[in-house]
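Q: mmCIF, C-alpha atoms, file work_35.cif:
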```
data_input
loop_
_atom_site.label_atom_id
_atom_site.label_comp_id
_atom_site.auth_asym_id
_atom_site.auth_seq_id
_atom_site.Cartn_x
_atom_site.Cartn_y
_atom_site.Cartn_z
CA MET A 1 -27.74 -66.27 -6.71
CA ASP A 2 -27.73 -63.84 -9.63
CA ALA A 3 -29.10 -60.36 -9.12
CA VAL A 4 -31.56 -59.00 -11.65
CA GLY A 5 -28.71 -57.02 -13.18
CA GLY A 6 -26.33 -59.96 -13.35
CA GLY A 7 -23.54 -61.03 -11.03
CA THR A 8 -23.68 -62.86 -7.74
CA VAL A 9 -25.55 -61.39 -4.81
CA ASP A 10 -27.24 -62.83 -1.73
CA THR A 11 -30.97 -62.94 -2.40
CA SER A 12 -31.77 -65.03 0.67
CA ARG A 13 -32.28 -62.05 3.00
CA LYS A 14 -35.82 -61.25 4.03
CA ILE A 15 -36.23 -57.47 4.32
CA LEU A 16 -39.46 -55.61 4.96
CA HIS A 17 -39.99 -51.89 4.52
CA CYS A 18 -42.91 -50.49 6.52
CA ASP A 19 -44.29 -47.07 5.61
CA MET A 20 -47.15 -45.57 7.60
CA ASN A 21 -49.43 -43.93 5.05
CA ALA A 22 -49.87 -40.12 5.03
CA PHE A 23 -48.39 -40.31 8.52
CA TYR A 24 -48.98 -36.87 10.04
CA ALA A 25 -52.47 -36.60 8.55
CA SER A 26 -53.35 -40.17 9.57
CA VAL A 27 -52.29 -39.51 13.15
CA GLU A 28 -54.40 -36.36 13.27
CA GLN A 29 -57.42 -38.29 11.96
CA ALA A 30 -56.80 -41.07 14.51
CA GLU A 31 -56.71 -38.51 17.32
CA ARG A 32 -59.64 -36.47 16.03
CA PRO A 33 -62.43 -38.70 14.71
CA GLU A 34 -64.31 -35.69 13.30
CA LEU A 35 -61.54 -35.33 10.69
CA ARG A 36 -61.83 -38.88 9.38
CA GLY A 37 -62.93 -39.05 5.77
CA ARG A 38 -62.34 -35.34 5.25
CA PRO A 39 -59.58 -33.79 3.08
CA LEU A 40 -56.93 -32.93 5.66
CA VAL A 41 -53.67 -31.04 5.26
CA VAL A 42 -50.96 -30.79 7.89
CA GLY A 43 -49.02 -27.63 7.09
CA GLY A 44 -46.85 -24.88 8.49
CA ASN A 45 -47.65 -21.35 9.57
CA GLU A 46 -48.95 -19.37 6.61
CA GLU A 47 -48.42 -16.04 8.36
CA LEU A 48 -44.72 -16.81 8.91
CA ARG A 49 -44.30 -18.15 5.37
CA HIS A 50 -43.92 -21.72 6.61
CA GLY A 51 -46.95 -22.31 4.44
CA ILE A 52 -46.28 -25.63 2.74
CA VAL A 53 -48.03 -28.99 2.83
CA LEU A 54 -46.15 -31.38 5.11
CA THR A 55 -48.61 -34.24 4.66
CA ALA A 56 -52.03 -34.56 3.04
CA SER A 57 -54.64 -37.21 3.70
CA TYR A 58 -55.59 -39.43 0.80
CA GLU A 59 -58.91 -37.58 0.56
CA ALA A 60 -56.90 -34.39 -0.09
CA LYS A 61 -54.41 -36.12 -2.39
CA ARG A 62 -57.23 -37.32 -4.62
CA ARG A 63 -58.20 -33.65 -5.01
CA GLY A 64 -54.71 -32.73 -6.25
CA VAL A 65 -52.97 -31.71 -3.01
CA LYS A 66 -49.30 -32.73 -2.93
CA THR A 67 -46.55 -32.70 -0.34
CA ALA A 68 -44.39 -29.52 -0.42
CA MET A 69 -47.13 -27.61 -2.25
CA ALA A 70 -47.75 -24.10 -0.95
CA LEU A 71 -50.82 -23.93 1.25
CA TRP A 72 -52.46 -21.35 -0.97
CA GLN A 73 -52.09 -23.79 -3.87
CA ALA A 74 -53.58 -26.55 -1.73
CA ARG A 75 -56.56 -24.31 -0.99
CA GLN A 76 -57.04 -23.72 -4.72
CA ALA A 77 -56.92 -27.44 -5.46
CA CYS A 78 -59.17 -28.35 -2.53
CA PRO A 79 -61.14 -25.37 -1.16
CA ASP A 80 -62.81 -27.42 1.59
CA ALA A 81 -59.55 -28.87 2.93
CA VAL A 82 -59.03 -28.70 6.69
CA ILE A 83 -55.56 -27.33 7.45
CA VAL A 84 -54.02 -28.05 10.85
CA PRO A 85 -50.56 -27.24 12.26
CA PRO A 86 -48.09 -30.08 12.94
CA ARG A 87 -47.77 -31.65 16.38
CA TYR A 88 -44.35 -33.29 16.30
CA GLU A 89 -44.39 -34.68 19.83
CA LEU A 90 -47.61 -36.52 19.04
CA TYR A 91 -46.14 -37.96 15.84
CA ARG A 92 -43.03 -39.05 17.72
CA ARG A 93 -45.18 -41.02 20.19
CA TYR A 94 -46.91 -42.84 17.33
CA SER A 95 -43.56 -43.49 15.65
CA ASN A 96 -42.16 -45.03 18.83
CA ALA A 97 -45.28 -47.13 19.29
CA ALA A 98 -44.93 -48.51 15.76
CA ARG A 99 -41.29 -49.37 16.38
CA ARG A 100 -42.26 -51.30 19.50
CA ILE A 101 -44.56 -53.39 17.31
CA TYR A 102 -41.72 -54.04 14.85
CA TYR A 103 -39.51 -55.23 17.69
CA ASP A 104 -41.95 -58.05 18.41
CA TYR A 105 -40.83 -59.63 15.12
CA THR A 106 -37.11 -58.84 14.92
CA ASP A 107 -34.41 -56.95 16.78
CA LEU A 108 -33.05 -55.58 13.48
CA VAL A 109 -35.09 -52.43 12.88
CA GLU A 110 -33.69 -49.39 11.08
CA PRO A 111 -35.81 -46.20 11.05
CA PHE A 112 -35.92 -44.09 7.89
CA GLY A 113 -37.62 -40.99 9.22
CA PRO A 114 -40.49 -41.09 11.74
CA ASP A 115 -42.92 -42.98 9.50
CA GLU A 116 -40.72 -45.56 7.78
CA ALA A 117 -38.48 -48.44 8.86
CA TRP A 118 -36.68 -51.46 7.46
CA LEU A 119 -36.97 -54.81 9.26
CA ASP A 120 -34.59 -57.73 8.67
CA LEU A 121 -36.48 -60.99 9.27
CA THR A 122 -33.75 -63.29 7.94
CA GLY A 123 -32.81 -64.67 11.33
CA SER A 124 -36.20 -64.57 13.01
CA ILE A 125 -38.61 -65.67 10.29
CA ARG A 126 -38.41 -69.32 11.37
CA LEU A 127 -40.08 -68.28 14.62
CA TRP A 128 -43.08 -67.26 12.51
CA GLY A 129 -43.29 -70.41 10.42
CA GLY A 130 -41.09 -69.03 7.65
CA ASP A 131 -44.00 -67.13 6.11
CA VAL A 132 -43.05 -63.51 5.41
CA ARG A 133 -46.48 -62.69 4.02
CA SER A 134 -48.18 -63.66 7.30
CA VAL A 135 -45.70 -61.54 9.30
CA ALA A 136 -46.37 -58.55 7.06
CA ALA A 137 -50.12 -59.06 7.48
CA SER A 138 -49.72 -59.28 11.25
CA ILE A 139 -47.71 -56.05 11.39
CA SER A 140 -50.21 -54.25 9.16
CA ASN A 141 -53.16 -55.41 11.25
CA ARG A 142 -51.52 -54.40 14.52
CA ILE A 143 -50.62 -50.93 13.21
CA LYS A 144 -54.22 -50.54 12.09
CA HIS A 145 -55.91 -51.77 15.27
CA GLU A 146 -53.43 -50.56 17.91
CA LEU A 147 -52.60 -47.16 16.38
CA GLY A 148 -55.60 -46.48 14.17
CA ILE A 149 -53.56 -45.81 11.01
CA THR A 150 -52.55 -47.86 7.98
CA CYS A 151 -49.18 -49.12 6.82
CA SER A 152 -47.89 -50.18 3.40
CA ILE A 153 -45.25 -52.92 3.37
CA GLY A 154 -42.72 -53.98 0.76
CA TYR A 155 -40.72 -57.23 0.85
CA SER A 156 -37.49 -58.01 -0.96
CA TRP A 157 -33.97 -59.34 -0.49
CA ASN A 158 -32.59 -55.79 -0.20
CA LYS A 159 -33.59 -52.48 1.36
CA ILE A 160 -33.95 -50.52 -1.88
CA PHE A 161 -36.38 -52.92 -3.55
CA ALA A 162 -38.31 -53.40 -0.29
CA LYS A 163 -38.91 -49.65 -0.17
CA PHE A 164 -39.91 -49.70 -3.83
CA GLY A 165 -42.56 -52.26 -2.90
CA SER A 166 -44.04 -50.20 -0.08
CA ASP A 167 -44.02 -47.07 -2.26
CA HIS A 168 -45.95 -48.75 -5.07
CA ASP A 169 -48.85 -50.32 -3.22
CA LYS A 170 -50.48 -47.53 -1.21
CA PRO A 171 -52.38 -47.16 0.95
CA ASP A 172 -52.50 -50.23 3.19
CA GLY A 173 -50.80 -52.45 0.60
CA TYR A 174 -48.23 -55.22 0.34
CA MET A 175 -45.83 -55.90 -2.55
CA GLU A 176 -43.16 -58.57 -2.94
CA VAL A 177 -40.18 -57.75 -5.14
CA LEU A 178 -38.30 -60.99 -5.73
CA PRO A 179 -35.63 -62.12 -8.23
CA ASP A 180 -38.25 -63.66 -10.55
CA ASN A 181 -40.46 -60.56 -10.80
CA ALA A 182 -38.09 -57.62 -10.18
CA ARG A 183 -37.54 -56.95 -13.87
CA ASP A 184 -41.27 -56.61 -14.46
CA LEU A 185 -42.03 -54.62 -11.32
CA VAL A 186 -38.95 -52.45 -10.85
CA TRP A 187 -37.15 -52.15 -14.17
CA LYS A 188 -40.22 -50.89 -16.03
CA ALA A 189 -40.80 -48.08 -13.52
CA PRO A 190 -39.56 -44.50 -14.11
CA VAL A 191 -35.98 -43.98 -12.97
CA GLY A 192 -37.19 -41.31 -10.54
CA ASP A 193 -38.99 -44.04 -8.56
CA LEU A 194 -35.65 -45.44 -7.38
CA LEU A 195 -34.57 -44.34 -3.91
CA TYR A 196 -31.98 -41.52 -4.01
CA VAL A 197 -32.76 -40.55 -7.61
CA GLY A 198 -34.00 -37.02 -7.02
CA PRO A 199 -35.51 -34.60 -9.57
CA ALA A 200 -32.14 -33.20 -10.67
CA THR A 201 -30.63 -36.66 -11.18
CA GLU A 202 -33.77 -37.86 -12.95
CA HIS A 203 -33.67 -34.86 -15.29
CA LYS A 204 -30.01 -35.47 -16.09
CA LEU A 205 -30.61 -39.16 -16.83
CA ASN A 206 -33.68 -38.35 -18.93
CA HIS A 207 -31.55 -35.93 -20.94
CA PHE A 208 -29.34 -38.86 -21.94
CA GLY A 209 -32.27 -41.12 -22.77
CA ILE A 210 -32.45 -43.07 -19.50
CA TRP A 211 -36.12 -43.08 -18.55
CA THR A 212 -36.58 -46.33 -16.62
CA ILE A 213 -34.81 -48.09 -13.76
CA GLY A 214 -34.00 -50.94 -16.13
CA GLN A 215 -32.24 -48.61 -18.55
CA LEU A 216 -30.13 -47.31 -15.68
CA ALA A 217 -29.34 -50.86 -14.56
CA ARG A 218 -28.14 -51.81 -18.06
CA ALA A 219 -26.25 -48.57 -18.81
CA ASP A 220 -22.49 -48.51 -19.35
CA PRO A 221 -20.89 -48.00 -15.91
CA ALA A 222 -18.28 -45.67 -17.40
CA PHE A 223 -21.06 -43.46 -18.76
CA VAL A 224 -22.88 -43.50 -15.42
CA ARG A 225 -19.72 -42.43 -13.59
CA ARG A 226 -19.02 -39.64 -16.08
CA THR A 227 -22.58 -38.41 -15.77
CA LEU A 228 -23.23 -38.77 -12.02
CA GLY A 229 -19.80 -39.34 -10.46
CA LYS A 230 -19.08 -42.13 -7.99
CA PRO A 231 -22.55 -41.92 -6.37
CA GLY A 232 -23.96 -42.81 -9.78
CA LEU A 233 -22.35 -46.25 -9.59
CA VAL A 234 -24.01 -46.79 -6.21
CA ILE A 235 -27.40 -45.81 -7.64
CA GLN A 236 -26.82 -48.13 -10.61
CA ALA A 237 -26.05 -50.98 -8.20
CA PHE A 238 -29.36 -50.22 -6.48
CA ALA A 239 -31.14 -50.48 -9.83
CA GLN A 240 -29.51 -53.88 -10.38
CA GLY A 241 -30.68 -55.16 -7.00
CA ARG A 242 -27.14 -55.21 -5.67
CA ASP A 243 -27.80 -53.32 -2.43
CA ALA A 244 -26.10 -55.40 0.28
CA SER A 245 -26.27 -52.77 3.04
CA PRO A 246 -27.38 -54.23 6.38
CA VAL A 247 -30.43 -53.22 8.36
CA ARG A 248 -28.84 -51.31 11.22
CA PRO A 249 -30.50 -52.16 14.53
CA LEU A 250 -32.10 -49.51 16.69
CA ASP A 251 -31.94 -49.51 20.49
CA LEU A 252 -35.25 -48.20 21.83
CA ALA A 253 -33.57 -47.34 25.14
CA ILE A 254 -31.69 -44.43 23.58
CA THR A 255 -32.84 -41.40 21.64
CA ASP A 256 -32.21 -40.61 18.00
CA THR A 257 -29.55 -38.04 18.84
CA GLU A 258 -27.58 -40.52 20.94
CA ARG A 259 -26.98 -42.85 18.01
CA GLU A 260 -24.27 -42.44 15.42
CA VAL A 261 -24.62 -38.98 13.94
CA LYS A 262 -23.18 -38.14 10.52
CA SER A 263 -24.13 -34.46 10.50
CA VAL A 264 -26.12 -31.83 12.38
CA GLY A 265 -28.12 -29.24 10.53
CA ASN A 266 -30.97 -26.79 10.75
CA GLY A 267 -32.88 -24.80 8.19
CA ILE A 268 -35.86 -22.51 7.96
CA THR A 269 -38.23 -21.05 5.41
CA CYS A 270 -37.84 -17.37 6.18
CA PRO A 271 -40.98 -15.40 7.10
CA PHE A 272 -39.87 -12.87 4.44
CA ASP A 273 -37.68 -12.81 1.33
CA VAL A 274 -34.09 -12.06 2.33
CA GLU A 275 -32.93 -9.19 0.14
CA ASP A 276 -29.57 -8.15 1.62
CA ALA A 277 -26.39 -9.68 2.98
CA ARG A 278 -26.84 -8.28 6.49
CA THR A 279 -30.20 -9.98 6.99
CA ALA A 280 -28.91 -13.18 5.42
CA LYS A 281 -26.09 -13.28 7.96
CA GLN A 282 -28.54 -12.73 10.82
CA VAL A 283 -30.61 -15.73 9.73
CA VAL A 284 -27.48 -17.84 9.28
CA TRP A 285 -26.43 -16.98 12.82
CA LEU A 286 -29.84 -18.06 14.12
CA MET A 287 -29.53 -21.41 12.37
CA GLY A 288 -25.83 -21.83 13.07
CA GLU A 289 -26.21 -21.13 16.76
CA SER A 290 -28.73 -23.96 17.12
CA VAL A 291 -26.41 -26.28 15.16
CA SER A 292 -23.49 -25.40 17.43
CA GLN A 293 -25.66 -25.90 20.50
CA ARG A 294 -26.70 -29.34 19.27
CA LEU A 295 -23.08 -30.31 18.60
CA ARG A 296 -22.15 -29.43 22.17
CA GLN A 297 -25.11 -31.43 23.49
CA LEU A 298 -23.92 -34.44 21.51
CA GLY A 299 -20.27 -34.03 22.55
CA LEU A 300 -19.15 -33.56 18.94
CA MET A 301 -17.14 -31.12 16.85
CA ALA A 302 -17.32 -30.51 13.11
CA ARG A 303 -14.57 -30.25 10.53
CA THR A 304 -16.87 -29.10 7.71
CA VAL A 305 -19.56 -26.40 7.56
CA SER A 306 -22.04 -25.88 4.72
CA ALA A 307 -24.60 -23.17 4.05
CA THR A 308 -27.59 -23.46 1.73
CA GLY A 309 -29.95 -20.89 0.28
CA ARG A 310 -33.14 -21.48 -1.72
CA ASP A 311 -34.04 -18.98 -4.41
CA PHE A 312 -37.40 -17.30 -3.77
CA ARG A 313 -38.51 -17.52 -7.41
CA THR A 314 -37.16 -20.83 -8.77
CA LEU A 315 -36.87 -22.63 -5.37
CA ALA A 316 -33.48 -23.91 -6.58
CA CYS A 317 -30.95 -24.61 -3.81
CA HIS A 318 -27.42 -23.21 -3.82
CA SER A 319 -25.03 -24.83 -1.34
CA ARG A 320 -21.38 -24.24 -0.48
CA GLN A 321 -19.16 -25.91 2.07
CA ALA A 322 -15.68 -25.37 3.49
CA GLN A 323 -13.33 -26.87 6.04
CA LEU A 324 -12.75 -25.23 9.41
CA ASP A 325 -9.14 -24.56 10.37
CA ARG A 326 -9.62 -27.03 13.23
CA PRO A 327 -12.58 -29.13 14.48
CA SER A 328 -15.02 -26.93 16.36
CA ASN A 329 -18.41 -26.63 18.04
CA ILE A 330 -17.84 -22.97 18.94
CA THR A 331 -20.75 -20.83 17.82
CA THR A 332 -18.73 -17.90 16.48
CA GLU A 333 -16.47 -20.12 14.37
CA ILE A 334 -19.28 -22.14 12.80
CA CYS A 335 -21.60 -19.18 12.24
CA SER A 336 -18.90 -16.91 10.82
CA LEU A 337 -17.85 -19.50 8.25
CA ALA A 338 -21.45 -20.37 7.33
CA ALA A 339 -22.36 -16.70 6.90
CA SER A 340 -19.39 -16.01 4.64
CA LEU A 341 -20.20 -19.08 2.53
CA LEU A 342 -23.82 -18.07 2.01
CA VAL A 343 -23.21 -14.38 1.30
CA SER A 344 -20.43 -15.11 -1.19
CA ASP A 345 -22.80 -17.30 -3.22
CA TRP A 346 -25.58 -14.72 -3.74
CA ASP A 347 -25.84 -11.46 -5.65
CA PHE A 348 -28.49 -9.55 -3.73
CA ARG A 349 -28.82 -6.96 -6.49
CA TYR A 350 -30.75 -9.56 -8.51
CA GLU A 351 -31.52 -12.44 -6.14
CA ARG A 352 -33.53 -13.07 -3.00
CA ILE A 353 -33.44 -16.01 -0.62
CA ARG A 354 -36.57 -17.82 0.57
CA ALA A 355 -34.98 -20.48 2.81
CA ILE A 356 -31.62 -20.78 4.59
CA GLY A 357 -29.90 -23.78 6.13
CA VAL A 358 -26.66 -24.52 7.98
CA ARG A 359 -25.08 -27.95 8.38
CA ALA A 360 -22.03 -29.22 10.28
CA SER A 361 -20.49 -32.51 9.13
CA ASN A 362 -17.31 -34.58 9.16
CA LEU A 363 -17.80 -34.93 12.92
CA VAL A 364 -15.31 -35.97 15.60
CA PRO A 365 -15.61 -36.42 19.39
CA ALA A 366 -15.27 -33.19 21.37
CA MET A 367 -13.29 -34.90 24.13
CA ARG A 368 -9.90 -34.98 22.46
CA PRO A 369 -6.46 -33.60 23.40
CA VAL A 370 -5.87 -29.93 22.61
CA GLN A 371 -2.42 -28.65 21.71
CA LEU A 372 -1.93 -25.22 23.31
CA ASP A 373 -0.04 -22.64 21.27
CA ILE A 374 2.29 -19.80 22.17
CA GLU A 375 -0.04 -17.16 20.68
CA GLY A 376 -2.83 -18.13 23.07
CA VAL A 377 -5.34 -19.01 20.32
CA GLU A 378 -6.45 -22.24 21.99
CA GLU A 379 -6.77 -20.51 25.33
CA ARG A 380 -9.14 -17.95 23.79
CA ARG A 381 -11.09 -20.78 22.13
CA LEU A 382 -11.46 -22.52 25.49
CA ARG A 383 -12.86 -19.33 27.01
CA GLN A 384 -15.30 -18.96 24.10
CA ARG A 385 -16.41 -22.57 24.47
CA SER A 386 -16.96 -22.02 28.19
CA LEU A 387 -19.11 -18.98 27.39
CA ASP A 388 -21.13 -21.04 24.88
CA GLU A 389 -21.70 -23.75 27.48
CA SER A 390 -22.87 -21.17 30.03
CA MET A 391 -25.44 -19.85 27.53
CA ASP A 392 -26.50 -23.43 26.76
CA GLU A 393 -27.19 -23.97 30.45
CA LEU A 394 -29.26 -20.79 30.72
CA ARG A 395 -31.30 -21.76 27.67
CA HIS A 396 -31.81 -25.26 29.02
CA ARG A 397 -33.11 -23.92 32.34
CA PHE A 398 -35.12 -20.91 31.17
CA GLY A 399 -35.88 -21.53 27.48
CA ASN A 400 -34.12 -20.75 24.23
CA HIS A 401 -35.07 -17.08 24.35
CA ALA A 402 -33.39 -16.56 27.73
CA VAL A 403 -30.17 -15.46 26.00
CA ARG A 404 -30.48 -13.78 22.62
CA ARG A 405 -28.32 -11.79 20.25
CA ALA A 406 -29.01 -8.12 19.78
CA SER A 407 -29.46 -8.59 16.03
CA GLU A 408 -32.56 -10.70 16.71
CA LEU A 409 -34.09 -8.02 18.89
CA LEU A 410 -33.34 -5.25 16.41
CA ASP A 411 -35.28 -7.03 13.65
CA PRO A 412 -38.83 -7.86 14.81
CA ARG A 413 -39.20 -10.26 11.88
CA LEU A 414 -36.62 -12.53 13.53
CA SER A 415 -37.57 -12.08 17.17
CA GLY A 416 -40.22 -14.82 17.20
CA LEU A 417 -38.07 -17.53 15.66
CA ASP A 418 -36.84 -20.37 17.88
CA PRO A 419 -34.65 -22.54 15.63
CA GLU A 420 -33.55 -24.95 18.37
CA ARG A 421 -37.15 -25.80 19.27
CA ASP A 422 -38.31 -26.03 15.68
CA HIS A 423 -35.43 -28.11 14.31
CA PHE A 424 -36.15 -31.34 12.45
CA THR A 425 -34.07 -34.42 11.63
CA HIS A 426 -33.68 -35.83 8.13
CA PRO A 427 -33.37 -39.56 7.42
CA VAL A 428 -29.78 -40.79 7.19
CA SER A 429 -28.59 -41.07 3.60
CA TYR A 430 -26.32 -43.65 2.03
CA PHE A 431 -24.28 -40.68 0.86
CA ALA A 432 -24.05 -38.84 4.21
#
```
Show how you would write the structure in this file as structure tokens.
A:
Amino acid sequence: MDAVGGGTVDTSRKILHCDMNAFYASVEQAERPELRGRPLVVGGNEELRHGIVLTASYEAKRRGVKTAMALWQARQACPDAVIVPPRYELYRRYSNAARRIYYDYTDLVEPFGPDEAWLDLTGSIRLWGGDVRSVAASISNRIKHELGITCSIGYSWNKIFAKFGSDHDKPDGYMEVLPDNARDLVWKAPVGDLLYVGPATEHKLNHFGIWTIGQLARADPAFVRRTLGKPGLVIQAFAQGRDASPVRPLDLAITDTEREVKSVGNGITCPFDVEDARTAKQVVWLMGESVSQRLRQLGLMARTVSATGRDFRTLACHSRQAQLDRPSNITTEICSLAASLLVSDWDFRYERIRAIGVRASNLVPAMRPVQLDIEGVEERRLRQRSLDESMDELRHRFGNHAVRRASELLDPRLSGLDPERDHFTHPVSYFA
């Protein structure tokens, strides 16, 4: 069949995208009936500067509260809002329970964060009478009655348009995006409504007169590539409905970290503005040490390290990456490179950093042959890796603060941070 943007594409697939509405806030209201109907904000620690809105209930959203807004701004918009700290273990239990419901309808379930998932019903829909709408209604009702929260569902022949459908009928909605209505539903929407078109990409496209998804779909591919590079052609294919990526199945018997991992990263909003290179390096080492520890737990090594800083005034991110001399999960090697990347990208005479992140990517298995050298470099690396593993074991047995670096203890602003405990996982990207 022809896609909405022309050309031949398989439109026979039956893909659902399920998105649990205002997930963290909805779970809190399900667990605490006294919060139902009240404007609720799930946010970080204001005293430690983790003071942003993670999720707001629809009662709070109607009062102007938005995700990623500073908590003090949320209080201005909605003075009677109830603000509660996040409980990630609780949200994980609800996420797993929802996935068990999905698995009653298909074995092809791909999570997209804790609150979203794609389901491929192409092979199983005949078991349900061939009626996708009734399956979607069944899933929505079960989420509502078994978990006490609501779920918006989108249906299309591809993952991108299915997510568009769930995004545009909230809360507790259902939208079908099919070849005969995609131009009216999708192409007329702002280009920023397309998955993976972020604010910077949207601004760049708007600058060149591309305001809608349809305009992007019809744009000259050569122009798109000049403007956005190769990823731009992928995004344009999404706009045309030409996403043929499969729904990757999830095995409930294993954990998220045991599946294929493209990168490992950690970041933090600092409890203070970082004003000098020395402090910046200390925070990088905190983040980088947890990244290295996670790599060792997963049995992986990284070829590439990146460091990111967010400007305290503009909130713009600056990121740099570099290749390691050889694949590594050794703490000193990863942290040293990350620290040098971050510090070289900032002029602390005029700039301050609000948030810092470290990421290891281009991963390879750690169990691989090692070529020893006459200078003894690999032998020293083996000793360092053994030391790292000994510290990992101590932290596993006695907590992450059992072994700490002196720099943490010398700066009381850093002594309370536990980056390994407080890490979070981002959804996997098409461009990872």
Q: Between atom CA of A:Glu351 and atom CA of A:Ala316, what is the distance in Å, rounded to a tenth?
A: 11.6 Å
Q: To one decimal in Å, tell me the separation between atom CA of A:His396 and atom CA of A:Asn266.
A: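 Pair atom CA of A:His396 / atom CA of A:Asn266 returns 18.4 Å.
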Q: Restricting the calculation to only C-alpha atoms, which member of A:Leu16, A:Leu315, A:Tyr174, A:Ser336 is positioned closest to A:Met69?
A: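 For A:Met69, the nearest of the given residues is A:Leu315.
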Q: Considering all atoms listed in the file, state which residue in the set A:Ser292, A:Gln297, A:Thr308, A:Gln29 is at the smallest distance from A:Ile334.
A: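 So, comparing all the options, the nearest one is A:Ser292.
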Q: In Å, rounded to a single decimal, give me how far atom CA of A:Arg294 is from atom CA of A:Val42.
A: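 Distance between the two atoms: 26.8 Å.
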Q: Set the distance at 12 Å and use all atoms listed in the file: which residues neighbour stretch 215-218 of chain A once local chain neighbours fewer than 6 positions away are removed? I'd like the list as a ChimeraX atom specification.
A: /A:3-6,182-183,186-194,197,201-202,204-206,208-209,224-225,227-228,232-242
Q: How would you write as a ChimeraX atom specification the residues that get within 9 Å of (-45.2, -54.1, 0.2) in the file's frame, counting only C-alpha atoms?
A: /A:16-19,136,152-156,162-170,172-177
Q: Using all atoms listed in the file, determine which residues lie at most 6 Å from stretch 83-100 of chain A, disregarding the query and same-chain residues fewer than 6 positions distant; provide the list as a list in words.
A: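 So, after excluding close chain neighbours, the residues are Val41, Val42, Gly43, Gly44 and Pro114 of chain A.
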Q: Got a sec: who's within 10 Å of A:Asp347, counting all atoms listed in the file, leaving out chain neighbours fewer than 3 positions off, as an MDAnalysis selection string?
A: chainID A and resid 275:277 343:344 350:352
Q: Which residue is closest to A:Trp346? Choose from A:Lys281, A:Val358, A:Arg380, A:Asp180 and count only C-alpha atoms.
A: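 The closest residue to A:Trp346 is A:Lys281.
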Q: Write out as a PyMOL selection string the residues lying within 7 Å of A:Met20, counting all atoms listed in the file and excluding same-chain residues fewer than 2 positions away.
A: chain A and resi 18+22-23+115-116+150-152
Q: Starting from the PyMOL selection byres ((chain A and resi 302) around 6), expand the selection into actual residues of this file and give them as a list in words.
A: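 Taken over the shown coordinates, the PyMOL selection byres ((chain A and resi 302) around 6) returns Met301, Arg303, Thr304, Pro327, Ser328, Ala360, Ser361, Asn362 and Leu363 of chain A.
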Q: Point out the residue among A:Glu110, A:Ile101, A:Ile15, A:Arg359 with the least atom-to-atom distance to A:Val132, counting all atoms listed in the file.
A: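 That would be A:Ile15, the residue with the smallest distance to A:Val132.
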Q: Nearest residue to A:Ile353 out of A:Thr269, A:Thr122, A:Gln321, A:Thr331, using all atoms listed in the file?
A: A:Thr269
Q: Select, from A:Pro231, A:Gly51, A:Pro39, A:Gly357, the residue with the minimum atom-to-atom distance to A:Tyr196, counting all atoms listed in the file.
A: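 Closest residue, counting all atoms listed in the file: A:Pro231.
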Q: Quick one: residues within 8 Å of A:Val403, only C-alpha atoms, excluding same-chain residues fewer than 6 positions away - as an MDAnalysis selection string?
A: chainID A and resid 391 394:395
